[in-house]
Structure formats: structure tokens, C-alpha cells
Amino acid sequence: MSPAISSMQPISRPPLEGKSIVLGVTGSIAAYKAADIASKLVQAGAFVDVIMTTSAMEFVGTTTFEALTHRPVTTSLWDANSELSIDHVALALHADCVLIAPATANTLAKLAMGITDDPLTATVLATEAPVIVAPAMDADMFASPPTRRNVEMLVGDGVLVAGPDSGRLASGLVGKGRLVDTAALIGLVRQAVGRHGDYRGRHVIVSAGGTRQPIDPVRYISNRSTGKMGYAIAEAARDRGAIVTLVSASSLPDPAGVTVVKASTVEEMRDAIVLESSDADLLIMAAAISDFTPANVSDHKIKKQGSGEMTLDLKKVEDFMPLAHGRNLVKVAFAAETNDLEMNARAKATPKGAAFVVANDVSEPGSGFGTDTNRVTFVDAEGIAEQQPLMYKLDVGHAILDRALSLLSDR
Ligand SMILES: Cc1cc2nc3c(=O)[nH]c(=O)nc-3n(C[C@H](O)[C@H](O)[C@H](O)COP(=O)(O)O)c2cc1C
């Protein structure tokens, strides 16, 4: 990469920086996927200690994990080179989170019963860190009464059971037994690690994506919003302990640990946000809401006309942000502009009842729709503007949350 290009990229703090994650890998056919999980945890800034069961080593070797994590892999309680041979609960004590992915039916059973005959089960029993298990097995194994009982017991013990997902299984059958995908597992780890964060217990609503206003059953008018900004804010809030509702008109995959309410049109988004906001602390309106909507929606596909021209009548959409209410609800608006950024943002704060507006020039390179970065300006109700540097959208999310935190009332 040329220096000119690399200097364009802002510096970002990885979401799991400095955190210690124990990754347990057990003897499932999905064990190969644990290499990707280990890699993504390391990329997210975590120190990753892998513990493998004896069966897991039949599927994938220790070298893979050692190379990915740059740390030794623990496979036995009796390994003289392992940290655990000196202190068998050492990993349990310094872990910020234990993730077992994939988790076999056998290991789930041992965990439910408190059996500790290998380093992984011993670590889980000894840790005070949150434990996440991601079962992966044949659908019949997962549906069997003993596995169901064991899962229920683990949930009762406070273990977070992630999945399994439904889909094609290694046996060739289709059913519930697939390992939850890596991105979702990393999201759950981030949520678990941040559970005592400064947004702990706060209800945050974020809207995201561009609304689609129907013209007829097959066509709509919309805008270029992808939802990336709103999704990044939702993840940032989740990572700080918030209870997050994401009202989404986007087709991005659902972030883990967040309640997603799908809303395609302005009307659906309005209804969801007004309903959700009654008990919320913070509403961040990152969605690009249509300003205009077809005056008439045809109930059948509009056919080509003979003259070759067609006129679409549009009417203005009423801003519903003032309708969002709730005791002590703090509102943050977004303004996507192509000119007169600060002036346009200033005009928006008061009518919307927003504590501040996040304004961005969507015509600037590296900013706005579809990009991973954004350069925003915060404009408060008094019109005072504070420009922010180019940041990754996750960091923009954190900056918005930092600013909003001092405005939230005590509960
Ligand atoms: C080819 C093969 C694939 C297997 N896949 C799974 C699986 O996906 N899930 C599971 O629970 N068990 C699976 N098993 C069975 C486990 O490996 C076995 O129950 C083992 O005792 C698990 O040990 P562990 O929990 O200590 O890793 C598989 C076994 C074989 C031979």
C-alpha cells in the first residue's frame, strides 16, 4: 500500500484490545471453523488462549492455533509445559470471557454435570468470567432429550448458549445443529466483555438504513444509505453494556446481542420507534428517512405508457422524530448533507427535539453512504459545531455515545 493511501486510514482501537479470551475447541466436525474464530479474536485485539480436548485434536492440529494466536495451546492437565500444570485454574482466573466453539454434546453434558476431567471443563468450573458455548452437532443429537436437558441446565447456570443455527449439516441432512457464524460469536464475546460498561442497563434505540417508499408492488424510491453507520452505533452501544434495539431498513446481517426490528418504509419505522421509545434512554436516528413519498401507490404494476414519459407525484413526509417520546429520552438526529453542512444541521436540532445533530457531508471521499469511515460534525441545539476527524464508523458510534452519556438522566 502506498503511504498516500495508508495515511488516509484513521487509527482505530480494536474492540477487544487487551482482553483475555479462552477459546475452547472440542471434537466436532466444525472444529476447523475455530481457526477462523481464533484469528478474528486476535484481529479484534484479544489475547487468545486455546484449550483443545483430545477429540478436537483428531480434527485439527495445535500448530494452527499456536500460529494464529502466538501463544501455546493447552491440551492436557498433565502437560509439564502448560501454565495449567503449575496452576490448574490459571487460565480461568485471568479470562475476561470463555468461549467454547464448537461445543460437542459430550462437553455440554460434562459442563452441565460439573465434570472436570480435562483442562477445558476445569477452566469453566473455576472461572468467574462469562461463559459462551456454541453447540455444533447432528440435528438429532441436539434434539435428543439429554442434550436438551443439559442445555437447559447450562442456561439456568448463567451460561450463554449461542445457537446452533439451522442449515446443511456435515451428515448431508438439513436441520438445527450448525455452529453459529464467526461474526456473531465475536459480537457475543464483545457484548459479554463489555457488560459492565458505562451504558450498562441503558435502553438505546438506533435506526439504520434507507427507507423504501413503494411506487407499485415491484418498485420503490429510496436513497443510498446502506445502514453501516447505524449498525456500527448499535454495536458500539452493545459493547458498552446497553440493551440495544436496532430499527432497521438495511439488509446487513443482524448484529449479535442486539434486538433487530425490521422496518422498510417510513411508516413502519415511525411505528416501531414510537413504540420502542416509551421506555428508552437514548434514540439515535441514523436511518436515512425518505423526505418525499409517492402521493399515490398503485396496487398493480404500472405499465409502460405510449408517450414514453411518466410523471410521479411526490408528497412530503412528516418528520416523526418529534413523536418519539419517553421520560427523559435523549434524542440524537443525523443530517446527511451535500452543502452548507453546519447551517442545515443547525436548522434541524430544535424542530426534531434533538440534543445534538450528527452532520456529515456525504459527498466527501471516505464519508457518508457505504463507506467504513465517516467524518462528522456535532452541532448542538445552540448551534455550536464541533468537527470530528475522519474515523471508522464504530469509533464515530463511540464518539456519539460519549457525547450523549453526560446528557442521560440518572435512573
Ligand atoms: C467424524 C466425527 C465427527 C463428529 N462430529 C461431532 C459433532 O459435530 N458434534 C458432537 O457433539 N460430536 C461429534 N462427534 C463425536 C465427538 O467427537 C465425541 O463425542 C467425543 O467424545 C467428544 O469429545 P470432547 O467433547 O471431549 O471433544 C464426532 C465424531 C466423529 C468421529
# chains A, B, ... in the order shown; residues from 1 in each chain; ligands from 1
>>> residues_around(residues="Asn328 of chain A", least_positions_apart="4", cutoff="10 Å", atoms="only C-alpha atoms", output="PyMOL selection string")
chain A and resi 278-282+407-411
>>> residues_around(residues="segment 187-198 of chain A", least_positions_apart="5", cutoff="10 Å", atoms="only C-alpha atoms", output="PyMOL selection string")
chain A and resi 15-16+19-21+41+44+95-99+129-132+160+162+182+235-243+255-258+401-402+405
>>> write_last_selection(atoms="C-alpha atoms", output="compact mmCIF listing (two decimals), in the first residue's frame")
# COMPACT_ATOMS: atom_id res chain seq x y z
CA PRO A 15 -12.88 -3.66 20.20
CA LEU A 16 -11.29 -6.43 22.33
CA LYS A 19 -8.86 -8.67 26.76
CA SER A 20 -8.06 -12.30 27.59
CA ILE A 21 -10.29 -14.78 25.86
CA LEU A 41 -10.48 -12.70 18.08
CA ALA A 44 -10.13 -7.77 17.40
CA ALA A 95 -10.02 -14.82 31.45
CA ASP A 96 -12.39 -11.99 30.55
CA CYS A 97 -14.59 -14.48 28.69
CA VAL A 98 -14.58 -18.20 27.91
CA LEU A 99 -15.96 -19.17 24.50
CA ALA A 129 -15.84 -14.79 33.62
CA PRO A 130 -18.90 -15.09 31.35
CA VAL A 131 -19.06 -18.42 29.53
CA ILE A 132 -20.47 -18.77 25.99
CA LEU A 160 -24.92 -18.18 27.28
CA ALA A 162 -25.29 -19.41 21.15
CA THR A 182 -17.85 -16.33 13.44
CA GLU A 235 -22.55 -2.46 18.09
CA ALA A 236 -20.73 0.28 19.99
CA ALA A 237 -23.67 0.63 22.41
CA ARG A 238 -23.90 -3.16 22.84
CA ASP A 239 -20.15 -3.30 23.59
CA ARG A 240 -20.70 -0.78 26.42
CA GLY A 241 -23.45 -2.74 28.16
CA ALA A 242 -26.55 -1.16 26.58
CA ILE A 243 -29.76 -3.01 25.77
CA PRO A 255 -25.52 -7.84 14.79
CA ALA A 256 -25.36 -10.39 17.64
CA GLY A 257 -26.68 -9.36 21.02
CA VAL A 258 -28.97 -6.67 19.59
CA LEU A 401 -22.22 7.67 22.81
CA ASP A 402 -19.51 9.57 24.73
CA LEU A 405 -23.72 9.86 28.07
>>> residues_around(residues="Ser76 of chain A", least_positions_apart="2", cutoff="6 Å", atoms="only C-alpha atoms", output="PyMOL selection string")
chain A and resi 78-79+119
>>> write_last_selection(atoms="N, CA and C atoms", output="compact mmCIF listing (two decimals), in the first residue's frame")
# COMPACT_ATOMS: atom_id res chain seq x y z
N TRP A 78 -1.94 -32.41 32.40
CA TRP A 78 -0.69 -33.02 32.88
C TRP A 78 0.49 -32.67 31.98
N ASP A 79 0.30 -31.67 31.12
CA ASP A 79 1.38 -31.26 30.23
C ASP A 79 2.36 -30.37 31.02
N PRO A 119 -8.68 -30.00 30.74
CA PRO A 119 -8.38 -28.60 31.08
C PRO A 119 -9.50 -27.62 30.74
>>> atom_distance(atom1="atom 8 (O, counted along the ligand's line) of ligand 1", atom2="atom CA of Phe47 of chain A")
26.4 Å
>>> closest_residue(among="A:Met141, A:Ile284, A:Val180, A:Val362", to="Ile233 of chain A", atoms="only C-alpha atoms")
A:Ile284
>>> residues_near_ligand(ligand="ligand 1", cutoff="10 Å", atoms="only C-alpha atoms and all ligand atoms", output="number ranges by chain")
A: 24-31, 52-59, 102-111, 117-118, 120-121, 135-139, 141-142, 147, 169-171, 177-179
>>> atom_distance(atom1="atom CA of Thr311 of chain A", atom2="atom CA of Arg212 of chain A")
18.7 Å
>>> atom_distance(atom1="atom CA of Ala232 of chain A", atom2="atom CA of Glu342 of chain A")
23.2 Å
>>> residues_around(residues="Tyr231 of chain A", least_positions_apart="6", cutoff="10 Å", atoms="only C-alpha atoms", output="PyMOL selection string")
chain A and resi 206-209+237+246-248+250+252-255+258+286-287+393-394+397
>>> write_last_selection(atoms="N, CA and C atoms", output="PDB file, in the first residue's frame")
ATOM      1  N   VAL A 206     -31.508   2.570  17.990  1.00  0.00           N
ATOM      2  CA  VAL A 206     -30.775   3.124  16.843  1.00  0.00           C
ATOM      3  C   VAL A 206     -31.579   2.786  15.594  1.00  0.00           C
ATOM      4  N   SER A 207     -31.751   3.761  14.708  1.00  0.00           N
ATOM      5  CA  SER A 207     -32.375   3.446  13.417  1.00  0.00           C
ATOM      6  C   SER A 207     -31.283   3.424  12.352  1.00  0.00           C
ATOM      7  N   ALA A 208     -31.487   2.589  11.334  1.00  0.00           N
ATOM      8  CA  ALA A 208     -30.432   2.418  10.330  1.00  0.00           C
ATOM      9  C   ALA A 208     -31.014   2.078   8.968  1.00  0.00           C
ATOM     10  N   GLY A 209     -30.267   2.445   7.932  1.00  0.00           N
ATOM     11  CA  GLY A 209     -30.645   2.066   6.562  1.00  0.00           C
ATOM     12  C   GLY A 209     -31.495   3.131   5.891  1.00  0.00           C
ATOM     13  N   ALA A 237     -22.833   0.565  21.210  1.00  0.00           N
ATOM     14  CA  ALA A 237     -23.674   0.632  22.411  1.00  0.00           C
ATOM     15  C   ALA A 237     -23.739  -0.733  23.096  1.00  0.00           C
ATOM     16  N   LEU A 246     -32.341  -2.167  17.386  1.00  0.00           N
ATOM     17  CA  LEU A 246     -31.945  -1.600  16.103  1.00  0.00           C
ATOM     18  C   LEU A 246     -33.154  -1.663  15.174  1.00  0.00           C
ATOM     19  N   VAL A 247     -33.692  -0.501  14.821  1.00  0.00           N
ATOM     20  CA  VAL A 247     -34.827  -0.452  13.902  1.00  0.00           C
ATOM     21  C   VAL A 247     -34.234  -0.266  12.509  1.00  0.00           C
ATOM     22  N   SER A 248     -34.354  -1.304  11.686  1.00  0.00           N
ATOM     23  CA  SER A 248     -33.508  -1.370  10.505  1.00  0.00           C
ATOM     24  C   SER A 248     -34.259  -1.502   9.188  1.00  0.00           C
ATOM     25  N   SER A 250     -32.177  -1.884   6.642  1.00  0.00           N
ATOM     26  CA  SER A 250     -30.971  -2.323   5.923  1.00  0.00           C
ATOM     27  C   SER A 250     -30.997  -3.838   5.731  1.00  0.00           C
ATOM     28  N   LEU A 252     -28.110  -5.548   5.894  1.00  0.00           N
ATOM     29  CA  LEU A 252     -26.893  -6.064   6.520  1.00  0.00           C
ATOM     30  C   LEU A 252     -27.261  -7.188   7.491  1.00  0.00           C
ATOM     31  N   PRO A 253     -26.324  -8.124   7.766  1.00  0.00           N
ATOM     32  CA  PRO A 253     -26.650  -9.187   8.728  1.00  0.00           C
ATOM     33  C   PRO A 253     -26.882  -8.619  10.131  1.00  0.00           C
ATOM     34  N   ASP A 254     -27.819  -9.226  10.854  1.00  0.00           N
ATOM     35  CA  ASP A 254     -28.151  -8.737  12.201  1.00  0.00           C
ATOM     36  C   ASP A 254     -26.925  -8.804  13.110  1.00  0.00           C
ATOM     37  N   PRO A 255     -26.615  -7.734  13.827  1.00  0.00           N
ATOM     38  CA  PRO A 255     -25.520  -7.836  14.791  1.00  0.00           C
ATOM     39  C   PRO A 255     -25.955  -8.708  15.974  1.00  0.00           C
ATOM     40  N   VAL A 258     -28.179  -7.886  19.816  1.00  0.00           N
ATOM     41  CA  VAL A 258     -28.971  -6.672  19.586  1.00  0.00           C
ATOM     42  C   VAL A 258     -30.352  -7.128  19.113  1.00  0.00           C
ATOM     43  N   ALA A 286     -30.024   7.284  12.920  1.00  0.00           N
ATOM     44  CA  ALA A 286     -29.024   7.247  11.846  1.00  0.00           C
ATOM     45  C   ALA A 286     -29.623   6.827  10.507  1.00  0.00           C
ATOM     46  N   ALA A 287     -30.891   6.413  10.515  1.00  0.00           N
ATOM     47  CA  ALA A 287     -31.525   5.982   9.253  1.00  0.00           C
ATOM     48  C   ALA A 287     -31.701   7.175   8.317  1.00  0.00           C
ATOM     49  N   LYS A 393     -16.480   3.960  11.399  1.00  0.00           N
ATOM     50  CA  LYS A 393     -17.849   4.210  11.854  1.00  0.00           C
ATOM     51  C   LYS A 393     -18.079   3.704  13.285  1.00  0.00           C
ATOM     52  N   LEU A 394     -17.380   2.620  13.661  1.00  0.00           N
ATOM     53  CA  LEU A 394     -17.511   2.154  15.050  1.00  0.00           C
ATOM     54  C   LEU A 394     -17.034   3.235  16.025  1.00  0.00           C
ATOM     55  N   GLY A 397     -19.468   5.940  16.289  1.00  0.00           N
ATOM     56  CA  GLY A 397     -20.506   5.470  17.217  1.00  0.00           C
ATOM     57  C   GLY A 397     -20.098   5.735  18.659  1.00  0.00           C
TER      58      GLY A 397
END
>>> closest_residue(among="A:Ala385, A:Val50, A:Leu275, A:Met285", to="Met229 of chain A", atoms="only C-alpha atoms")
A:Met285
>>> closest_residue(among="A:Asp395, A:Asp299, A:Glu66, A:Glu267", to="Arg219 of chain A", atoms="only C-alpha atoms")
A:Asp299
>>> select_by_dssp(residues="segment 145-354 of chain A", states="helix (DSSP H, G or I)", output="PyMOL selection string")
chain A and resi 145-156+182-193+228-239+266-277+321-323+341-352
